[in-house]
>>> print(open('query.cif').read())   # mmCIF, C-alpha atoms (C1' of nucleotides)
data_input
#
loop_
_atom_site.label_atom_id
_atom_site.label_comp_id
_atom_site.auth_asym_id
_atom_site.auth_seq_id
_atom_site.Cartn_x
_atom_site.Cartn_y
_atom_site.Cartn_z
CA MET K 1 -51.87 -43.72 36.03
CA GLU K 2 -48.40 -44.43 37.30
CA LEU K 3 -47.36 -40.79 37.31
CA SER K 4 -50.32 -39.89 39.47
CA ARG K 5 -49.28 -42.33 42.15
CA ARG K 6 -45.66 -41.26 42.12
CA LEU K 7 -46.69 -37.68 42.58
CA SER K 8 -49.17 -38.14 45.41
CA SER K 9 -46.96 -40.55 47.32
CA ARG K 10 -44.40 -37.77 47.61
CA GLY K 11 -46.85 -35.02 48.43
CA TYR K 12 -46.91 -33.54 44.95
CA ARG K 13 -50.15 -32.79 43.16
CA ARG K 14 -51.35 -33.97 39.83
CA THR K 15 -52.03 -31.07 37.53
CA ARG K 16 -53.15 -30.48 33.98
CA GLN K 17 -49.74 -29.01 33.19
CA ARG K 18 -47.73 -31.92 34.56
CA ASP K 19 -49.88 -34.37 32.68
CA ALA K 20 -49.31 -32.40 29.51
CA VAL K 21 -45.54 -32.33 29.91
CA PHE K 22 -45.40 -36.00 30.74
CA ASP K 23 -47.59 -36.96 27.79
CA VAL K 24 -45.39 -34.98 25.44
CA LEU K 25 -42.32 -36.82 26.67
CA ALA K 26 -44.11 -40.16 26.46
CA GLU K 27 -45.30 -39.50 22.92
CA ASN K 28 -41.71 -38.74 21.97
CA ALA K 29 -40.02 -41.58 23.79
CA GLY K 30 -36.44 -42.07 22.67
CA ARG K 31 -36.13 -38.55 21.38
CA PRO K 32 -34.29 -36.10 23.64
CA MET K 33 -36.26 -32.86 23.77
CA LYS K 34 -35.47 -29.32 24.79
CA ALA K 35 -37.72 -27.47 27.21
CA GLU K 36 -38.78 -25.12 24.45
CA GLU K 37 -39.87 -28.02 22.22
CA VAL K 38 -41.82 -29.53 25.06
CA LEU K 39 -43.50 -26.19 25.68
CA VAL K 40 -44.81 -25.92 22.12
CA LEU K 41 -46.35 -29.39 22.20
CA ALA K 42 -47.60 -29.10 25.76
CA LYS K 43 -49.53 -25.96 24.86
CA GLU K 44 -51.81 -28.08 22.70
CA LYS K 45 -52.74 -30.11 25.75
CA ALA K 46 -52.63 -27.42 28.39
CA PRO K 47 -53.17 -24.02 26.79
CA GLY K 48 -51.56 -21.21 28.71
CA ILE K 49 -48.77 -23.32 30.17
CA GLY K 50 -45.60 -21.30 30.62
CA ILE K 51 -41.95 -22.16 30.13
CA ALA K 52 -41.22 -21.96 33.85
CA THR K 53 -43.76 -24.66 34.53
CA VAL K 54 -42.20 -26.86 31.88
CA TYR K 55 -38.80 -26.52 33.49
CA ARG K 56 -40.30 -27.25 36.89
CA ALA K 57 -42.08 -30.36 35.61
CA LEU K 58 -38.99 -31.69 33.86
CA GLU K 59 -36.88 -31.24 36.95
CA LEU K 60 -39.53 -32.95 39.05
CA PHE K 61 -39.83 -35.88 36.66
CA VAL K 62 -36.09 -36.46 36.82
CA GLU K 63 -36.32 -36.43 40.60
CA LEU K 64 -39.18 -38.92 40.47
CA GLY K 65 -37.26 -41.08 38.07
CA VAL K 66 -39.84 -41.01 35.30
CA ALA K 67 -37.66 -38.92 32.99
CA GLN K 68 -33.96 -38.48 32.46
CA GLN K 69 -31.75 -35.64 31.49
CA VAL K 70 -29.72 -36.28 28.37
CA HIS K 71 -26.48 -34.32 28.12
CA LEU K 72 -25.78 -33.66 24.48
CA HIS K 73 -23.34 -30.87 25.27
CA GLU K 74 -25.43 -28.33 23.51
CA ARG K 75 -26.41 -25.00 24.91
CA SER K 76 -29.61 -26.45 26.32
CA GLN K 77 -30.36 -29.61 28.24
CA HIS K 78 -32.52 -32.35 26.76
CA TYR K 79 -35.01 -34.64 28.45
CA GLU K 80 -36.74 -37.90 27.61
CA VAL K 81 -38.97 -40.38 29.41
CA ASP K 82 -37.15 -43.04 31.32
CA THR K 83 -38.12 -46.22 29.54
CA GLY K 84 -35.92 -48.26 31.79
CA HIS K 85 -33.46 -49.34 29.17
CA HIS K 86 -30.20 -47.52 29.43
CA HIS K 87 -28.66 -46.08 26.31
CA HIS K 88 -26.42 -43.37 24.93
CA TYR K 89 -26.24 -41.35 21.78
CA MET K 90 -23.87 -41.02 18.88
CA VAL K 91 -24.11 -37.52 17.52
CA CYS K 92 -23.11 -36.68 13.97
CA VAL K 93 -20.87 -33.61 13.99
CA SER K 94 -21.85 -32.94 10.42
CA CYS K 95 -25.65 -33.13 10.27
CA GLY K 96 -26.45 -33.30 13.96
CA SER K 97 -28.44 -36.51 13.67
CA ARG K 98 -28.48 -38.74 16.70
CA GLU K 99 -28.40 -42.50 16.86
CA GLN K 100 -29.04 -44.55 19.92
CA LEU K 101 -26.27 -46.78 21.12
CA ASP K 102 -27.73 -49.71 22.98
CA ALA K 103 -24.55 -51.53 23.78
CA CYS K 104 -23.40 -50.20 27.06
CA THR K 105 -20.00 -51.23 28.30
CA MET K 106 -20.26 -48.98 31.29
CA ASP K 107 -21.15 -51.80 33.62
CA LYS K 108 -17.81 -53.36 32.87
CA LEU K 109 -15.99 -50.08 33.40
CA GLU K 110 -17.80 -49.48 36.65
CA ASP K 111 -16.65 -52.86 37.90
CA VAL K 112 -13.04 -51.93 37.18
CA ILE K 113 -13.49 -48.69 39.06
CA LYS K 114 -15.07 -50.47 41.98
CA ASP K 115 -12.07 -52.78 42.22
CA GLU K 116 -9.36 -50.21 41.75
CA THR K 117 -10.59 -47.05 43.40
CA ASP K 118 -12.56 -45.86 46.40
CA PHE K 119 -15.07 -44.10 44.23
CA LEU K 120 -18.68 -45.31 44.20
CA VAL K 121 -20.16 -44.68 40.77
CA THR K 122 -23.88 -43.99 40.86
CA SER K 123 -24.42 -42.64 37.37
CA HIS K 124 -22.57 -41.95 34.18
CA CYS K 125 -22.87 -40.19 30.89
CA LEU K 126 -21.29 -41.19 27.65
CA GLY K 127 -21.31 -39.10 24.53
CA LEU K 128 -19.92 -40.03 21.15
CA TRP K 129 -19.30 -37.69 18.24
CA GLY K 130 -18.39 -38.51 14.70
CA TYR K 131 -19.96 -38.99 11.31
CA CYS K 132 -23.17 -40.85 10.57
CA SER K 133 -23.41 -43.04 7.49
CA SER K 134 -25.04 -40.29 5.45
CA CYS K 135 -22.31 -37.80 6.15
CA LEU K 136 -19.37 -40.17 5.98
CA PRO K 137 -18.70 -40.12 2.23
CA GLY K 138 -18.24 -36.37 1.96
CA LYS K 139 -17.23 -35.86 5.57
CA ALA K 140 -17.88 -32.18 4.88
CA MET E 1 7.63 -22.01 21.93
CA GLU E 2 5.38 -24.64 20.49
CA LEU E 3 2.29 -22.44 20.73
CA SER E 4 3.98 -19.71 18.74
CA ARG E 5 4.62 -22.05 15.83
CA ARG E 6 1.12 -23.47 15.85
CA LEU E 7 -0.33 -20.00 15.71
CA SER E 8 1.81 -18.58 12.94
CA SER E 9 1.55 -21.65 10.75
CA ARG E 10 -2.18 -21.06 10.61
CA GLY E 11 -2.02 -17.32 10.10
CA TYR E 12 -2.78 -16.43 13.69
CA ARG E 13 -0.68 -13.99 15.65
CA ARG E 14 1.07 -14.45 18.92
CA THR E 15 -0.17 -11.97 21.48
CA ARG E 16 0.44 -11.08 25.07
CA GLN E 17 -3.13 -12.16 25.90
CA ARG E 18 -2.92 -15.55 24.23
CA ASP E 19 0.36 -16.27 25.96
CA ALA E 20 -1.23 -15.36 29.27
CA VAL E 21 -4.23 -17.64 28.75
CA PHE E 22 -2.05 -20.51 27.62
CA ASP E 23 0.34 -20.11 30.54
CA VAL E 24 -2.55 -20.16 32.98
CA LEU E 25 -3.81 -23.42 31.50
CA ALA E 26 -0.32 -24.89 31.47
CA GLU E 27 0.30 -23.95 35.10
CA ASN E 28 -2.93 -25.70 36.00
CA ALA E 29 -2.51 -28.79 33.88
CA GLY E 30 -4.95 -31.51 34.86
CA ARG E 31 -7.37 -29.09 36.44
CA PRO E 32 -10.41 -28.15 34.33
CA MET E 33 -10.92 -24.39 34.53
CA LYS E 34 -13.78 -22.06 33.79
CA ALA E 35 -13.28 -19.02 31.60
CA GLU E 36 -13.83 -16.76 34.59
CA GLU E 37 -11.11 -18.52 36.59
CA VAL E 38 -8.74 -18.21 33.69
CA LEU E 39 -9.54 -14.51 33.42
CA VAL E 40 -8.59 -13.78 37.01
CA LEU E 41 -5.21 -15.51 36.70
CA ALA E 42 -4.54 -14.21 33.20
CA LYS E 43 -4.97 -10.64 34.42
CA GLU E 44 -1.80 -11.02 36.48
CA LYS E 45 0.12 -11.74 33.30
CA ALA E 46 -1.75 -9.51 30.88
CA PRO E 47 -3.42 -6.66 32.80
CA GLY E 48 -6.50 -5.36 31.07
CA ILE E 49 -7.38 -8.61 29.34
CA GLY E 50 -11.13 -9.02 28.96
CA ILE E 51 -13.41 -12.01 29.28
CA ALA E 52 -14.22 -12.01 25.57
CA THR E 53 -10.56 -12.43 24.74
CA VAL E 54 -10.30 -15.33 27.15
CA TYR E 55 -13.21 -17.08 25.45
CA ARG E 56 -11.69 -16.41 22.05
CA ALA E 57 -8.32 -17.80 23.12
CA LEU E 58 -9.83 -20.92 24.66
CA GLU E 59 -11.85 -21.63 21.55
CA LEU E 60 -8.78 -21.12 19.39
CA PHE E 61 -6.64 -23.40 21.54
CA VAL E 62 -9.18 -26.19 21.22
CA GLU E 63 -9.14 -25.70 17.46
CA LEU E 64 -5.34 -25.84 17.45
CA GLY E 65 -5.40 -28.93 19.62
CA VAL E 66 -3.37 -27.48 22.46
CA ALA E 67 -6.31 -27.42 24.86
CA GLN E 68 -9.42 -29.44 25.32
CA GLN E 69 -12.91 -28.72 26.47
CA VAL E 70 -13.99 -30.75 29.46
CA HIS E 71 -17.71 -31.30 29.78
CA LEU E 72 -18.54 -31.56 33.45
CA HIS E 73 -22.21 -30.87 32.81
CA GLU E 74 -22.15 -27.76 34.86
CA ARG E 75 -23.53 -24.44 33.78
CA SER E 76 -20.18 -23.40 32.34
CA GLN E 77 -17.67 -25.22 30.18
CA HIS E 78 -14.23 -26.11 31.49
CA TYR E 79 -10.91 -26.17 29.70
CA GLU E 80 -7.50 -27.65 30.28
CA VAL E 81 -4.25 -28.03 28.36
CA ASP E 82 -4.07 -31.06 26.16
CA THR E 83 -1.25 -33.06 27.68
CA GLY E 84 -1.72 -35.81 25.17
CA HIS E 85 -2.88 -38.43 27.58
CA HIS E 86 -6.57 -39.05 27.38
CA HIS E 87 -8.56 -39.18 30.57
CA HIS E 88 -11.96 -38.61 32.12
CA TYR E 89 -13.28 -37.46 35.43
CA MET E 90 -15.22 -38.97 38.26
CA VAL E 91 -17.19 -36.25 39.95
CA CYS E 92 -18.38 -36.55 43.53
CA VAL E 93 -22.04 -35.61 43.71
CA SER E 94 -21.61 -34.82 47.37
CA CYS E 95 -18.55 -32.59 47.63
CA GLY E 96 -17.93 -31.85 43.97
CA SER E 97 -14.34 -33.09 44.02
CA ARG E 98 -13.01 -34.53 40.81
CA GLU E 99 -10.69 -37.47 40.29
CA GLN E 100 -9.01 -38.35 37.06
CA LEU E 101 -9.82 -41.69 35.56
CA ASP E 102 -6.90 -42.84 33.49
CA ALA E 103 -8.23 -46.18 32.44
CA CYS E 104 -10.08 -45.58 29.25
CA THR E 105 -12.09 -48.38 27.78
CA MET E 106 -13.42 -46.20 25.04
CA ASP E 107 -11.01 -47.55 22.49
CA LYS E 108 -12.58 -50.95 22.98
CA LEU E 109 -16.07 -49.53 22.70
CA GLU E 110 -15.17 -47.62 19.58
CA ASP E 111 -13.98 -50.83 17.98
CA VAL E 112 -17.32 -52.46 18.66
CA ILE E 113 -19.11 -49.53 17.12
CA LYS E 114 -16.85 -49.62 14.10
CA ASP E 115 -17.71 -53.25 13.52
CA GLU E 116 -21.43 -53.05 14.17
CA THR E 117 -22.54 -49.67 12.87
CA ASP E 118 -21.87 -47.23 10.05
CA PHE E 119 -20.97 -44.51 12.46
CA LEU E 120 -17.40 -43.16 12.50
CA VAL E 121 -16.54 -42.06 16.00
CA THR E 122 -14.08 -39.18 16.11
CA SER E 123 -14.40 -38.12 19.73
CA HIS E 124 -16.16 -39.07 22.90
CA CYS E 125 -16.92 -37.84 26.35
CA LEU E 126 -17.42 -39.90 29.43
CA GLY E 127 -18.61 -38.56 32.74
CA LEU E 128 -19.00 -40.49 35.94
CA TRP E 129 -20.82 -39.36 39.05
CA GLY E 130 -20.91 -40.88 42.47
CA TYR E 131 -19.27 -40.58 45.85
CA CYS E 132 -15.58 -40.07 46.51
CA SER E 133 -13.91 -41.91 49.38
CA SER E 134 -14.29 -38.96 51.73
CA CYS E 135 -18.01 -38.67 51.17
CA LEU E 136 -18.79 -42.38 51.02
CA PRO E 137 -19.22 -43.11 54.75
CA GLY E 138 -21.93 -40.51 55.30
CA LYS E 139 -23.20 -40.50 51.75
CA ALA E 140 -24.99 -37.31 52.73
"C1'" DT J 1 -69.83 -30.74 49.12
"C1'" DA J 2 -67.84 -26.55 51.09
"C1'" DA J 3 -63.65 -24.77 53.28
"C1'" DG J 4 -59.04 -24.25 54.19
"C1'" DA J 5 -54.20 -25.21 54.00
"C1'" DT J 6 -50.85 -25.30 50.83
"C1'" DA J 7 -48.88 -26.82 46.47
"C1'" DT J 8 -48.70 -24.88 41.81
"C1'" DT J 9 -48.89 -21.72 38.15
"C1'" DG J 10 -47.86 -17.79 34.82
"C1'" DA J 11 -45.73 -13.54 33.88
"C1'" DT J 12 -41.84 -11.38 34.26
"C1'" DA J 13 -37.57 -9.98 36.26
"C1'" DA J 14 -33.06 -11.66 37.21
"C1'" DT J 15 -29.06 -14.35 36.53
"C1'" DG J 16 -25.08 -16.57 34.37
"C1'" DA J 17 -22.57 -17.96 30.53
"C1'" DT J 18 -21.27 -16.97 26.19
"C1'" DT J 19 -21.27 -14.48 21.78
"C1'" DC J 20 -21.53 -10.36 18.93
"C1'" DT J 21 -20.29 -5.61 17.47
"C1'" DC J 22 -17.18 -2.23 16.31
"C1'" DA J 23 -13.84 1.18 16.74
"C1'" DA J 24 -9.08 1.41 18.51
"C1'" DC J 25 -4.87 -1.08 18.57
"C1'" DA J 26 -0.92 -4.15 17.71
"C1'" DA J 27 1.82 -7.87 15.24
"C1'" DG J 28 4.94 -8.92 11.84
"C1'" DG J 29 6.11 -9.17 6.82
"C1'" DG J 30 8.12 -6.24 3.35
"C1'" DC V 1 9.26 2.12 9.68
"C1'" DC V 2 4.81 1.31 7.29
"C1'" DC V 3 0.85 -0.94 6.09
"C1'" DT V 4 -2.24 -4.69 5.97
"C1'" DT V 5 -4.89 -7.30 8.64
"C1'" DG V 6 -5.48 -10.01 12.71
"C1'" DT V 7 -6.78 -8.82 17.73
"C1'" DT V 8 -8.50 -6.65 21.53
"C1'" DG V 9 -11.69 -4.50 25.13
"C1'" DA V 10 -16.03 -2.69 26.50
"C1'" DG V 11 -20.38 -3.23 26.46
"C1'" DA V 12 -24.61 -4.67 24.24
"C1'" DA V 13 -27.10 -8.74 22.90
"C1'" DT V 14 -28.52 -13.47 23.24
"C1'" DC V 15 -29.86 -17.85 25.12
"C1'" DA V 16 -31.02 -21.01 28.67
"C1'" DT V 17 -32.46 -21.32 33.09
"C1'" DT V 18 -33.91 -19.84 37.71
"C1'" DA V 19 -36.13 -16.79 41.13
"C1'" DT V 20 -40.08 -13.90 42.61
"C1'" DC V 21 -44.69 -13.31 43.90
"C1'" DA V 22 -49.45 -12.68 43.67
"C1'" DA V 23 -53.30 -15.33 41.80
"C1'" DT V 24 -55.12 -19.93 41.34
"C1'" DA V 25 -55.92 -24.90 41.62
"C1'" DT V 26 -55.65 -29.35 44.43
"C1'" DC V 27 -56.65 -32.40 47.75
"C1'" DT V 28 -57.78 -33.41 52.31
"C1'" DT V 29 -60.87 -32.74 56.10
"C1'" DA V 30 -65.05 -31.69 58.34
#
>>> encode(input="query.cif", output="structure tokens")
Amino acid sequence: MELSRRLSSRGYRRTRQRDAVFDVLAENAGRPMKAEEVLVLAKEKAPGIGIATVYRALELFVELGVAQQVHLHERSQHYEVDTGHHHHYMVCVSCGSREQLDACTMDKLEDVIKDETDFLVTSHCLGLWGYCSSCLPGKA
Amino acid sequence: MELSRRLSSRGYRRTRQRDAVFDVLAENAGRPMKAEEVLVLAKEKAPGIGIATVYRALELFVELGVAQQVHLHERSQHYEVDTGHHHHYMVCVSCGSREQLDACTMDKLEDVIKDETDFLVTSHCLGLWGYCSSCLPGKA
DNA sequence: TAAGATATTGATAATGATTCTCAACAAGGG
DNA sequence: CCCTTGTTGAGAATCATTATCAATATCTTA
């Protein structure tokens, strides 16, 4: 498996727990998950796994580039597998639903920044809030 | 004062503590501040003020539209007075310095979303990370 | 395959930020 | 000046996340 190679090539070990966490993320691709959610599902694959291990695995996966942190500006961070295609989310302030936004104009913006400033952009995060189609009518 | 009117028109009262918190933000316009930082400076103006009151004032100011929350994706939230001109930050991953980014292409992006989806965007947040000019050479 | 060096884990304590609780207090209209 | 009601401060409570540390699991080497 790809994960296995990435781990060993950096001196990390493949464990039952890491496999479990990764599989949970993979089975929920495209859905940002909290550590606590991952824990519940990972327990089915690796009984006894603790929350600390989940946090450690998530952090490691981000470092390895197989997962990414999604900032939804909630109390807790969210994580999802890195499928390679960059996207952002539109969050409904009414019902909390999230829609993926595939169009990414960041590349354009980064070019402008490259031309006009001395700052080298290596990553970015875009969040959009508003009302989804279901909540629009009432806007309650 | 403007703040005074905004408060009373909504049934809120003007207090020594709220004035202190607002003044601190105003004196640090353009610099996102943590609640704890605000507390230290506000104590000079309103001795005895507690952290809970600072949080309450900040939350209220955002609601009134005189301050805005700045998501820097750090452990704690940051706040700054709403000067009316929209901007974002470029954060140096090396030294942590922050530069304001005045160019905002979000309006353009929001138009695209309006045309292509059923989502009504009411607010957004853009964060950029990378290396500032001072850290670029070494990139350490 | 057994052994050993060391990476990893789980339980739990600790931390940091933020919110809640509630009795004492203060603002401002009448 | 009084009274109603919004506010405050102190500290407890909560939530997410990180640190600690002894027990355990991995993987490499002999």
>>> interface_residues(input="query.cif", of="chain V", to="chain E", cutoff="9 Å", atoms="all atoms listed in the file", output="PyMOL selection string")
chain V and resi 6-10
>>> closest_atom_pairs(input="query.cif", of="chain V", to="region 11-26 of chain J", cutoff="9 Å", atoms="all atoms listed in the file", output="Markdown table")
| residue | atom | partner | partner_atom | distance |
| --- | --- | --- | --- | --- |
| V:DG6 | C1' | J:DA26 | C1' | 9.0 |
| V:DT7 | C1' | J:DA26 | C1' | 7.5 |
| V:DT8 | C1' | J:DC25 | C1' | 7.3 |
| V:DA12 | C1' | J:DT21 | C1' | 8.1 |
| V:DA13 | C1' | J:DC20 | C1' | 7.0 |
| V:DT14 | C1' | J:DT19 | C1' | 7.5 |
| V:DC15 | C1' | J:DT18 | C1' | 8.7 |
| V:DT17 | C1' | J:DT15 | C1' | 8.5 |
| V:DT18 | C1' | J:DT15 | C1' | 7.4 |
| V:DA19 | C1' | J:DA14 | C1' | 7.1 |
| V:DT20 | C1' | J:DA13 | C1' | 7.9 |
>>> write_last_selection(input="query.cif", atoms="C-alpha atoms (C1' of nucleotides)", output="short mmCIF file (atom, residue, chain, number, x, y, z; two decimals), keeping the file's coordinate frame")
data_model
loop_
_atom_site.label_atom_id
_atom_site.label_comp_id
_atom_site.auth_asym_id
_atom_site.auth_seq_id
_atom_site.Cartn_x
_atom_site.Cartn_y
_atom_site.Cartn_z
"C1'" DG V 6 -5.48 -10.01 12.71
"C1'" DT V 7 -6.78 -8.82 17.73
"C1'" DT V 8 -8.50 -6.65 21.53
"C1'" DA V 12 -24.61 -4.67 24.24
"C1'" DA V 13 -27.10 -8.74 22.90
"C1'" DT V 14 -28.52 -13.47 23.24
"C1'" DC V 15 -29.86 -17.85 25.12
"C1'" DT V 17 -32.46 -21.32 33.09
"C1'" DT V 18 -33.91 -19.84 37.71
"C1'" DA V 19 -36.13 -16.79 41.13
"C1'" DT V 20 -40.08 -13.90 42.61
#
>>> closest_atom_pairs(input="query.cif", of="chain K", to="chain E", cutoff="6 Å", atoms="only C-alpha atoms", output="Markdown table")
| residue | atom | partner | partner_atom | distance |
| --- | --- | --- | --- | --- |
| K:Asp118 | CA | E:Ser133 | CA | 5.1 |
| K:Phe119 | CA | E:Cys132 | CA | 4.7 |
| K:Leu120 | CA | E:Tyr131 | CA | 5.0 |
| K:Val121 | CA | E:Gly130 | CA | 4.2 |
| K:Thr122 | CA | E:Gly130 | CA | 4.6 |
| K:Ser123 | CA | E:Trp129 | CA | 5.2 |
| K:His124 | CA | E:Leu128 | CA | 4.2 |
| K:Cys125 | CA | E:Gly127 | CA | 4.9 |
| K:Leu126 | CA | E:Leu126 | CA | 4.5 |
| K:Gly127 | CA | E:Cys125 | CA | 4.9 |
| K:Leu128 | CA | E:His124 | CA | 4.3 |
| K:Trp129 | CA | E:Ser123 | CA | 5.1 |
| K:Gly130 | CA | E:Val121 | CA | 4.2 |
| K:Tyr131 | CA | E:Leu120 | CA | 5.0 |
| K:Cys132 | CA | E:Phe119 | CA | 4.7 |
| K:Ser133 | CA | E:Asp118 | CA | 5.1 |
>>> resolve_selection(input="query.cif", expression="the PyMOL selection byres ((chain E and resi 41-45) around 10)", output="PyMOL selection string")
chain E and resi 16-25+36-40+46-51+54
>>> resolve_selection(input="query.cif", expression="the PyMOL selection byres ((chain J and resi 3) around 9)", output="VMD selection string")
(chain J and resid 2 4) or (chain V and resid 29 to 30)
>>> calpha_fit_and_write(input="query.cif", fixed="chain E", moving="chain K", output="short mmCIF file (atom, residue, chain, number, x, y, z; two decimals) with C-alpha atoms, in the frame of the given file")
data_model
loop_
_atom_site.label_atom_id
_atom_site.label_comp_id
_atom_site.auth_asym_id
_atom_site.auth_seq_id
_atom_site.Cartn_x
_atom_site.Cartn_y
_atom_site.Cartn_z
CA MET K 1 7.68 -21.91 21.84
CA GLU K 2 5.39 -24.52 20.40
CA LEU K 3 2.30 -22.36 20.69
CA SER K 4 3.96 -19.61 18.71
CA ARG K 5 4.60 -21.91 15.79
CA ARG K 6 1.12 -23.36 15.80
CA LEU K 7 -0.35 -19.91 15.70
CA SER K 8 1.78 -18.45 12.92
CA SER K 9 1.52 -21.53 10.73
CA ARG K 10 -2.23 -20.96 10.61
CA GLY K 11 -2.08 -17.22 10.12
CA TYR K 12 -2.85 -16.36 13.72
CA ARG K 13 -0.75 -13.90 15.68
CA ARG K 14 1.03 -14.36 18.92
CA THR K 15 -0.19 -11.90 21.50
CA ARG K 16 0.42 -11.06 25.12
CA GLN K 17 -3.13 -12.14 25.93
CA ARG K 18 -2.90 -15.53 24.24
CA ASP K 19 0.37 -16.24 25.96
CA ALA K 20 -1.22 -15.36 29.27
CA VAL K 21 -4.20 -17.64 28.76
CA PHE K 22 -2.03 -20.49 27.60
CA ASP K 23 0.37 -20.12 30.52
CA VAL K 24 -2.51 -20.19 32.96
CA LEU K 25 -3.78 -23.43 31.47
CA ALA K 26 -0.28 -24.90 31.44
CA GLU K 27 0.34 -23.96 35.06
CA ASN K 28 -2.90 -25.72 35.96
CA ALA K 29 -2.49 -28.81 33.84
CA GLY K 30 -4.92 -31.54 34.79
CA ARG K 31 -7.34 -29.13 36.38
CA PRO K 32 -10.38 -28.19 34.29
CA MET K 33 -10.89 -24.44 34.52
CA LYS K 34 -13.76 -22.11 33.80
CA ALA K 35 -13.25 -19.05 31.63
CA GLU K 36 -13.82 -16.81 34.62
CA GLU K 37 -11.08 -18.57 36.62
CA VAL K 38 -8.70 -18.25 33.72
CA LEU K 39 -9.51 -14.56 33.45
CA VAL K 40 -8.55 -13.85 37.06
CA LEU K 41 -5.18 -15.56 36.72
CA ALA K 42 -4.50 -14.23 33.25
CA LYS K 43 -4.95 -10.67 34.49
CA GLU K 44 -1.77 -11.07 36.52
CA LYS K 45 0.13 -11.78 33.33
CA ALA K 46 -1.73 -9.53 30.94
CA PRO K 47 -3.40 -6.71 32.86
CA GLY K 48 -6.47 -5.38 31.15
CA ILE K 49 -7.36 -8.63 29.41
CA GLY K 50 -11.11 -9.02 29.05
CA ILE K 51 -13.39 -12.02 29.34
CA ALA K 52 -14.20 -11.99 25.63
CA THR K 53 -10.55 -12.42 24.79
CA VAL K 54 -10.30 -15.34 27.18
CA TYR K 55 -13.21 -17.06 25.50
CA ARG K 56 -11.69 -16.38 22.10
CA ALA K 57 -8.31 -17.78 23.15
CA LEU K 58 -9.82 -20.91 24.67
CA GLU K 59 -11.84 -21.61 21.57
CA LEU K 60 -8.77 -21.07 19.41
CA PHE K 61 -6.62 -23.36 21.53
CA VAL K 62 -9.17 -26.15 21.20
CA GLU K 63 -9.13 -25.64 17.45
CA LEU K 64 -5.34 -25.78 17.45
CA GLY K 65 -5.40 -28.87 19.58
CA VAL K 66 -3.35 -27.44 22.42
CA ALA K 67 -6.28 -27.41 24.84
CA GLN K 68 -9.42 -29.44 25.29
CA GLN K 69 -12.89 -28.72 26.44
CA VAL K 70 -13.97 -30.77 29.42
CA HIS K 71 -17.71 -31.32 29.74
CA LEU K 72 -18.55 -31.58 33.40
CA HIS K 73 -22.23 -30.88 32.79
CA GLU K 74 -22.14 -27.77 34.84
CA ARG K 75 -23.52 -24.45 33.77
CA SER K 76 -20.17 -23.43 32.34
CA GLN K 77 -17.66 -25.23 30.17
CA HIS K 78 -14.21 -26.12 31.47
CA TYR K 79 -10.89 -26.18 29.66
CA GLU K 80 -7.47 -27.68 30.26
CA VAL K 81 -4.23 -28.03 28.32
CA ASP K 82 -4.04 -31.06 26.12
CA THR K 83 -1.23 -33.07 27.63
CA GLY K 84 -1.73 -35.82 25.14
CA HIS K 85 -2.88 -38.44 27.57
CA HIS K 86 -6.56 -39.06 27.37
CA HIS K 87 -8.57 -39.20 30.55
CA HIS K 88 -11.97 -38.64 32.10
CA TYR K 89 -13.28 -37.47 35.41
CA MET K 90 -15.23 -38.97 38.25
CA VAL K 91 -17.20 -36.24 39.93
CA CYS K 92 -18.40 -36.54 43.50
CA VAL K 93 -22.07 -35.57 43.69
CA SER K 94 -21.62 -34.76 47.33
CA CYS K 95 -18.54 -32.53 47.59
CA GLY K 96 -17.93 -31.83 43.93
CA SER K 97 -14.35 -33.09 43.99
CA ARG K 98 -13.02 -34.51 40.78
CA GLU K 99 -10.72 -37.45 40.28
CA GLN K 100 -9.03 -38.35 37.07
CA LEU K 101 -9.82 -41.71 35.58
CA ASP K 102 -6.90 -42.89 33.51
CA ALA K 103 -8.25 -46.22 32.45
CA CYS K 104 -10.09 -45.62 29.27
CA THR K 105 -12.12 -48.44 27.83
CA MET K 106 -13.43 -46.27 25.06
CA ASP K 107 -11.04 -47.68 22.52
CA LYS K 108 -12.63 -51.05 23.02
CA LEU K 109 -16.12 -49.61 22.73
CA GLU K 110 -15.20 -47.72 19.60
CA ASP K 111 -14.00 -50.94 18.02
CA VAL K 112 -17.37 -52.55 18.70
CA ILE K 113 -19.12 -49.60 17.14
CA LYS K 114 -16.86 -49.71 14.12
CA ASP K 115 -17.75 -53.36 13.58
CA GLU K 116 -21.46 -53.12 14.19
CA THR K 117 -22.54 -49.76 12.87
CA ASP K 118 -21.85 -47.33 10.05
CA PHE K 119 -20.94 -44.59 12.45
CA LEU K 120 -17.37 -43.26 12.49
CA VAL K 121 -16.51 -42.15 16.01
CA THR K 122 -14.05 -39.27 16.10
CA SER K 123 -14.37 -38.21 19.72
CA HIS K 124 -16.14 -39.12 22.90
CA CYS K 125 -16.91 -37.87 26.34
CA LEU K 126 -17.41 -39.93 29.42
CA GLY K 127 -18.61 -38.59 32.72
CA LEU K 128 -19.00 -40.48 35.95
CA TRP K 129 -20.86 -39.33 39.04
CA GLY K 130 -20.94 -40.85 42.46
CA TYR K 131 -19.31 -40.54 45.84
CA CYS K 132 -15.62 -40.03 46.52
CA SER K 133 -13.96 -41.85 49.39
CA SER K 134 -14.36 -38.89 51.72
CA CYS K 135 -18.07 -38.61 51.16
CA LEU K 136 -18.86 -42.31 51.02
CA PRO K 137 -19.29 -43.03 54.74
CA GLY K 138 -22.00 -40.45 55.33
CA LYS K 139 -23.22 -40.36 51.75
CA ALA K 140 -25.00 -37.17 52.79
#
>>> resolve_selection(input="query.cif", expression="the PyMOL selection byres ((chain J) within 8 of (chain K))", output="list in words")
DA7, DT9 and DG10 of chain J
>>> axis_aligned_box(input="query.cif", around="region 54-63 of chain E", padding_each_side="3 Å", output="AutoDock Vina command-line options")
--center_x -9.9 --center_y -20.8 --center_z 22.3 --size_x 12.6 --size_y 16.9 --size_z 15.7
